[in-house]
Amino acid sequence: MRGKWKLWLIGFIGFILAILWLTPFYLMLVNAFKMKRDIFADTLGLPETWTFENFTQAFEQLDFLRTLFNSLLISGVSVVIIIIFSAMAAYALSRNKSKISSLLFFVFVAAMLIPFQSVMIPLVAQFGQLGMLNKAGLIFMYLGFGCSLSIFLYHGTLKGIPISLDEAAKIDGANRFQVFWYIIFPLLKPMSITVGILNVIWIWNDYLLPSLVIGGAGSETIPLKLFFFFGQYTKQWHLALAGLTLSIIPVIIAYFFAQRQIIKGIADGAVK
Amino acid sequence: MRNRDAAYWLFLTPVLAALILVVIVPLIYGFYYSFTNWNGLGTPDFIGLKNYIDLFTDKGFLDTFWFTIKFSVAAIVVINIIGLSLALIVTSKIKSSNILRTVFFMPNLIGGLILGFIWQFIFIKVFGAIGDLTGIEAFNGWLSTTDTGFWGLIILTSWQMAGYIMIIYIAYLQAVPEDLIEAAKIDGANSFQRFRHITFPLVAPAFTVSLFLTLSHSFKIYDQNLSLTNGAPYNSTEMVAMNIVKSAFTENDMAYAQAKAVIFFVIVALVSLTQVYFNKKREVEL
């Protein structure tokens, strides 16, 4: 009986904390539906009159469909090439046990220690000289920054895949690329999901790198566009909050459908 | 796959090319630039240690550094306490465990920039409204003083990151064998004793992991800093990452900013390596 009472108490504390955790989202949402004067009159309560005007205006100002498309394109392509190329590299490194492989693996892992700010200035200068401050350049940069952790994670998984599988396929006449693509890559699928989730979260939300690489009108990602939008409407909270809400919706939808995989992916990636 | 095989290098080329061009070459150039008077254009002149000497007498930069250290220490303590508490709550046998995990983790999926803007609204408008409502003066003018700006940043970061740290603690908590706990119960250990003598030692490795993650995360914070306070008032809540970006791209002081970036790199690397060293050492003892 005592145990039951204690569980009830823990559940209650959890419930209170959950409410506390969601409050910022609640405040953003209800105020996004208010008229400008209502935010001043009553910030905490529900709107007196619900208005969608803020959303239509923010939608237009953010050029939302185009911005969303840019974010989807950049994150999507980056993550796909990170998955494929990191898996290939990790496969080569794990199946070749030479000094050069251990050295390369060490370099990839060591690169994780480098904070972005210490390479940022020369990176932007050099890519500028090459005329690569555009979406393609940005995606290539994401490959460079994303491959370290991804190779590290794939490498761990590949050690558990027996080499006899490769050999059997080779005897059947498959070349290196076929062995990788038809035998190994499908076996890596659970890790590919983890690698995909970990990379998509930071790339989707990244602000600094796109702000330095793709300034041009029309090619902004969501965080980039939102930054300018927010600066423009600093004193107009009703619009600013509607913009914030809009930009969060795609993430919430994705989270709703894939929460189990996302949380599992984070756990697998973090504890390795 | 031998080193001589074309396949070996073919498989490695895309990531090697990316790593070399995006990380390694800029790192080497950056190191060189920090000893010059480079302004972003033209050929730089070598000026030796001048940037580094200036840097250690630059009060603005030193204040920024000190602020970052204070922030990181406070963030580590607060985030880990909350993260572990959340993990203990959701791993107890309550029915709402899965929903709670989903809720606590949610802020992590949303970018730091957006989270900072949401909290800017809360600290300015909502706190203001609460201040008016209750007449408590302390709620007014958050983000307009250094101290409240500091705690604003801590609140924002903890709200965001505690759910992430929770996931790490959960992974270790779930590895604690059930029968050990049962055995201790039978021996008459109360729940505090069980936590202190069984759960805690077995979860200790999680501390190393999460201390490392919170430290390196909070030390490198940029987005949240930019969108919540933007350094205000008077750059007093500016952290190192933001200071480097500003001095490079707002003040166009490229070589000087790069010297700061080199120091930043050295400190982050030292802290990480120390951590790895102690980690390894403990693994040997076990």
# chains A, B, ... in the order shown; residues from 1 in each chain; ligands from 1

call {"tool": "closest_atom_pairs", "arguments": {"of": "chain B", "to": "chain A", "cutoff": "6 Å", "atoms": "only C-alpha atoms", "output": "JSON lines"}}
result
{"residue": "B:Met1", "atom": "CA", "partner": "A:Asn96", "partner_atom": "CA", "distance": 5.5}
{"residue": "B:Tyr8", "atom": "CA", "partner": "A:Ala92", "partner_atom": "CA", "distance": 5.7}
{"residue": "B:Phe11", "atom": "CA", "partner": "A:Met88", "partner_atom": "CA", "distance": 5.3}
{"residue": "B:Leu12", "atom": "CA", "partner": "A:Ala89", "partner_atom": "CA", "distance": 4.7}
{"residue": "B:Ala18", "atom": "CA", "partner": "A:Gly144", "partner_atom": "CA", "distance": 4.4}
{"residue": "B:Leu19", "atom": "CA", "partner": "A:Gly144", "partner_atom": "CA", "distance": 4.5}
{"residue": "B:Val22", "atom": "CA", "partner": "A:Gly144", "partner_atom": "CA", "distance": 5.6}
{"residue": "B:Pro26", "atom": "CA", "partner": "A:Pro122", "partner_atom": "CA", "distance": 5.0}
{"residue": "B:Leu27", "atom": "CA", "partner": "A:Val119", "partner_atom": "CA", "distance": 5.1}
{"residue": "B:Gly30", "atom": "CA", "partner": "A:Pro122", "partner_atom": "CA", "distance": 5.8}
{"residue": "B:Ile94", "atom": "CA", "partner": "A:Gly11", "partner_atom": "CA", "distance": 5.9}
{"residue": "B:Gly111", "atom": "CA", "partner": "A:Asn205", "partner_atom": "CA", "distance": 4.5}
{"residue": "B:Ile167", "atom": "CA", "partner": "A:Ala267", "partner_atom": "CA", "distance": 5.9}
{"residue": "B:Ala261", "atom": "CA", "partner": "A:Ser118", "partner_atom": "CA", "distance": 4.5}
{"residue": "B:Val262", "atom": "CA", "partner": "A:Ser118", "partner_atom": "CA", "distance": 5.8}
{"residue": "B:Phe265", "atom": "CA", "partner": "A:Ser118", "partner_atom": "CA", "distance": 6.0}
{"residue": "B:Ala269", "atom": "CA", "partner": "A:Leu113", "partner_atom": "CA", "distance": 5.8}

call {"tool": "write_last_selection", "arguments": {"atoms": "N, CA and C atoms", "output": "compact mmCIF listing (two decimals), in the first residue's frame"}}
result
# COMPACT_ATOMS: atom_id res chain seq x y z
N MET B 1 39.97 -5.80 -48.12
CA MET B 1 40.27 -4.53 -48.81
C MET B 1 41.67 -4.06 -48.44
N TYR B 8 39.43 0.69 -51.79
CA TYR B 8 39.68 1.26 -50.46
C TYR B 8 39.65 2.77 -50.50
N PHE B 11 36.24 4.35 -51.53
CA PHE B 11 35.27 4.40 -50.45
C PHE B 11 35.56 5.55 -49.49
N LEU B 12 36.83 5.92 -49.39
CA LEU B 12 37.20 6.95 -48.41
C LEU B 12 37.22 8.36 -48.98
N ALA B 18 36.05 15.98 -47.90
CA ALA B 18 35.24 16.93 -47.13
C ALA B 18 35.96 17.31 -45.83
N LEU B 19 36.50 16.32 -45.12
CA LEU B 19 37.16 16.61 -43.85
C LEU B 19 38.38 17.51 -44.07
N VAL B 22 37.16 21.08 -45.31
CA VAL B 22 36.25 21.82 -44.43
C VAL B 22 36.84 21.99 -43.03
N PRO B 26 41.29 24.57 -43.11
CA PRO B 26 40.96 25.79 -42.37
C PRO B 26 41.62 25.86 -40.99
N LEU B 27 41.79 24.70 -40.34
CA LEU B 27 42.41 24.70 -39.01
C LEU B 27 43.87 25.16 -39.12
N GLY B 30 43.97 28.78 -40.14
CA GLY B 30 43.54 29.58 -39.00
C GLY B 30 44.67 29.81 -38.03
N ILE B 94 5.74 4.31 -13.20
CA ILE B 94 4.50 5.06 -13.37
C ILE B 94 3.98 4.87 -14.79
N GLY B 111 15.48 24.20 -32.60
CA GLY B 111 16.77 24.87 -32.60
C GLY B 111 16.93 25.88 -31.47
N ILE B 167 17.98 11.25 -21.09
CA ILE B 167 18.07 10.06 -21.94
C ILE B 167 19.34 9.26 -21.61
N ALA B 261 39.93 32.33 -31.55
CA ALA B 261 39.42 31.01 -31.94
C ALA B 261 40.44 29.92 -31.65
N VAL B 262 41.73 30.24 -31.80
CA VAL B 262 42.77 29.25 -31.50
C VAL B 262 42.79 28.94 -30.00
N PHE B 265 39.90 26.78 -29.18
CA PHE B 265 40.16 25.41 -29.59
C PHE B 265 41.04 24.69 -28.57
N ALA B 269 39.87 21.48 -26.48
CA ALA B 269 40.61 20.23 -26.67
C ALA B 269 41.20 19.74 -25.35

call {"tool": "select_by_dssp", "arguments": {"residues": "region 23-271 of chain A", "states": "alpha helix (DSSP H)", "output": "number ranges by chain"}}
result
A: 23-32, 36-41, 53-61, 64-95, 99-110, 116-129, 135-158, 163-171, 176-178, 185-187, 189-205, 208-213, 222-232, 237-271

call {"tool": "atom_distance", "arguments": {"atom1": "CA of Thr91 (chain B)", "atom2": "CA of Val209 (chain B)"}}
result
19.0 Å

call {"tool": "decode", "arguments": {"residues": "region 68-97 of chain A", "atoms": "N, CA and C atoms", "output": "PDB file, in the first residue's frame"}}
result
ATOM      1  N   LEU A  68      10.680  26.515 -46.152  1.00  0.00           N
ATOM      2  CA  LEU A  68      10.547  25.124 -45.725  1.00  0.00           C
ATOM      3  C   LEU A  68      11.208  24.199 -46.741  1.00  0.00           C
ATOM      4  N   PHE A  69      10.977  24.475 -48.027  1.00  0.00           N
ATOM      5  CA  PHE A  69      11.583  23.662 -49.077  1.00  0.00           C
ATOM      6  C   PHE A  69      13.109  23.723 -48.997  1.00  0.00           C
ATOM      7  N   ASN A  70      13.655  24.919 -48.803  1.00  0.00           N
ATOM      8  CA  ASN A  70      15.116  25.052 -48.673  1.00  0.00           C
ATOM      9  C   ASN A  70      15.649  24.210 -47.524  1.00  0.00           C
ATOM     10  N   SER A  71      14.971  24.288 -46.376  1.00  0.00           N
ATOM     11  CA  SER A  71      15.410  23.510 -45.221  1.00  0.00           C
ATOM     12  C   SER A  71      15.345  22.017 -45.512  1.00  0.00           C
ATOM     13  N   LEU A  72      14.221  21.587 -46.122  1.00  0.00           N
ATOM     14  CA  LEU A  72      14.066  20.164 -46.438  1.00  0.00           C
ATOM     15  C   LEU A  72      15.149  19.704 -47.403  1.00  0.00           C
ATOM     16  N   LEU A  73      15.403  20.529 -48.418  1.00  0.00           N
ATOM     17  CA  LEU A  73      16.387  20.165 -49.438  1.00  0.00           C
ATOM     18  C   LEU A  73      17.781  20.039 -48.823  1.00  0.00           C
ATOM     19  N   ILE A  74      18.184  21.081 -48.104  1.00  0.00           N
ATOM     20  CA  ILE A  74      19.550  21.091 -47.564  1.00  0.00           C
ATOM     21  C   ILE A  74      19.733  19.981 -46.533  1.00  0.00           C
ATOM     22  N   SER A  75      18.775  19.861 -45.583  1.00  0.00           N
ATOM     23  CA  SER A  75      18.919  18.802 -44.577  1.00  0.00           C
ATOM     24  C   SER A  75      18.836  17.431 -45.226  1.00  0.00           C
ATOM     25  N   GLY A  76      17.885  17.255 -46.150  1.00  0.00           N
ATOM     26  CA  GLY A  76      17.677  15.944 -46.774  1.00  0.00           C
ATOM     27  C   GLY A  76      18.914  15.483 -47.529  1.00  0.00           C
ATOM     28  N   VAL A  77      19.401  16.324 -48.440  1.00  0.00           N
ATOM     29  CA  VAL A  77      20.562  15.926 -49.239  1.00  0.00           C
ATOM     30  C   VAL A  77      21.778  15.708 -48.341  1.00  0.00           C
ATOM     31  N   SER A  78      22.003  16.629 -47.384  1.00  0.00           N
ATOM     32  CA  SER A  78      23.164  16.486 -46.499  1.00  0.00           C
ATOM     33  C   SER A  78      23.122  15.160 -45.759  1.00  0.00           C
ATOM     34  N   VAL A  79      21.964  14.850 -45.194  1.00  0.00           N
ATOM     35  CA  VAL A  79      21.885  13.642 -44.375  1.00  0.00           C
ATOM     36  C   VAL A  79      22.065  12.389 -45.229  1.00  0.00           C
ATOM     37  N   VAL A  80      21.480  12.380 -46.431  1.00  0.00           N
ATOM     38  CA  VAL A  80      21.636  11.205 -47.294  1.00  0.00           C
ATOM     39  C   VAL A  80      23.112  10.996 -47.662  1.00  0.00           C
ATOM     40  N   ILE A  81      23.797  12.072 -48.037  1.00  0.00           N
ATOM     41  CA  ILE A  81      25.202  11.844 -48.405  1.00  0.00           C
ATOM     42  C   ILE A  81      26.061  11.533 -47.175  1.00  0.00           C
ATOM     43  N   ILE A  82      25.711  12.087 -46.030  1.00  0.00           N
ATOM     44  CA  ILE A  82      26.470  11.734 -44.817  1.00  0.00           C
ATOM     45  C   ILE A  82      26.308  10.241 -44.531  1.00  0.00           C
ATOM     46  N   ILE A  83      25.061   9.750 -44.643  1.00  0.00           N
ATOM     47  CA  ILE A  83      24.811   8.333 -44.374  1.00  0.00           C
ATOM     48  C   ILE A  83      25.600   7.446 -45.339  1.00  0.00           C
ATOM     49  N   ILE A  84      25.453   7.703 -46.635  1.00  0.00           N
ATOM     50  CA  ILE A  84      26.090   6.820 -47.620  1.00  0.00           C
ATOM     51  C   ILE A  84      27.625   6.889 -47.531  1.00  0.00           C
ATOM     52  N   PHE A  85      28.168   8.089 -47.558  1.00  0.00           N
ATOM     53  CA  PHE A  85      29.626   8.214 -47.599  1.00  0.00           C
ATOM     54  C   PHE A  85      30.289   7.817 -46.275  1.00  0.00           C
ATOM     55  N   SER A  86      29.635   8.098 -45.150  1.00  0.00           N
ATOM     56  CA  SER A  86      30.232   7.699 -43.865  1.00  0.00           C
ATOM     57  C   SER A  86      30.206   6.181 -43.714  1.00  0.00           C
ATOM     58  N   ALA A  87      29.097   5.563 -44.151  1.00  0.00           N
ATOM     59  CA  ALA A  87      29.010   4.103 -44.059  1.00  0.00           C
ATOM     60  C   ALA A  87      30.085   3.466 -44.932  1.00  0.00           C
ATOM     61  N   MET A  88      30.265   4.007 -46.156  1.00  0.00           N
ATOM     62  CA  MET A  88      31.306   3.486 -47.046  1.00  0.00           C
ATOM     63  C   MET A  88      32.684   3.606 -46.409  1.00  0.00           C
ATOM     64  N   ALA A  89      32.966   4.789 -45.864  1.00  0.00           N
ATOM     65  CA  ALA A  89      34.284   5.020 -45.276  1.00  0.00           C
ATOM     66  C   ALA A  89      34.496   4.119 -44.066  1.00  0.00           C
ATOM     67  N   ALA A  90      33.477   4.018 -43.218  1.00  0.00           N
ATOM     68  CA  ALA A  90      33.619   3.179 -42.024  1.00  0.00           C
ATOM     69  C   ALA A  90      33.821   1.729 -42.434  1.00  0.00           C
ATOM     70  N   TYR A  91      33.145   1.315 -43.499  1.00  0.00           N
ATOM     71  CA  TYR A  91      33.307  -0.056 -44.003  1.00  0.00           C
ATOM     72  C   TYR A  91      34.753  -0.285 -44.449  1.00  0.00           C
ATOM     73  N   ALA A  92      35.278   0.637 -45.256  1.00  0.00           N
ATOM     74  CA  ALA A  92      36.663   0.492 -45.716  1.00  0.00           C
ATOM     75  C   ALA A  92      37.614   0.449 -44.524  1.00  0.00           C
ATOM     76  N   LEU A  93      37.416   1.345 -43.564  1.00  0.00           N
ATOM     77  CA  LEU A  93      38.335   1.414 -42.418  1.00  0.00           C
ATOM     78  C   LEU A  93      38.241   0.175 -41.531  1.00  0.00           C
ATOM     79  N   SER A  94      37.035  -0.370 -41.387  1.00  0.00           N
ATOM     80  CA  SER A  94      36.899  -1.502 -40.462  1.00  0.00           C
ATOM     81  C   SER A  94      37.354  -2.807 -41.111  1.00  0.00           C
ATOM     82  N   ARG A  95      37.275  -2.892 -42.440  1.00  0.00           N
ATOM     83  CA  ARG A  95      37.674  -4.141 -43.097  1.00  0.00           C
ATOM     84  C   ARG A  95      39.158  -4.159 -43.443  1.00  0.00           C
ATOM     85  N   ASN A  96      39.814  -3.034 -43.322  1.00  0.00           N
ATOM     86  CA  ASN A  96      41.241  -2.963 -43.609  1.00  0.00           C
ATOM     87  C   ASN A  96      41.953  -2.648 -42.306  1.00  0.00           C
ATOM     88  N   LYS A  97      42.719  -3.627 -41.821  1.00  0.00           N
ATOM     89  CA  LYS A  97      43.346  -3.414 -40.512  1.00  0.00           C
ATOM     90  C   LYS A  97      44.817  -3.040 -40.676  1.00  0.00           C
TER      91      LYS A  97
END
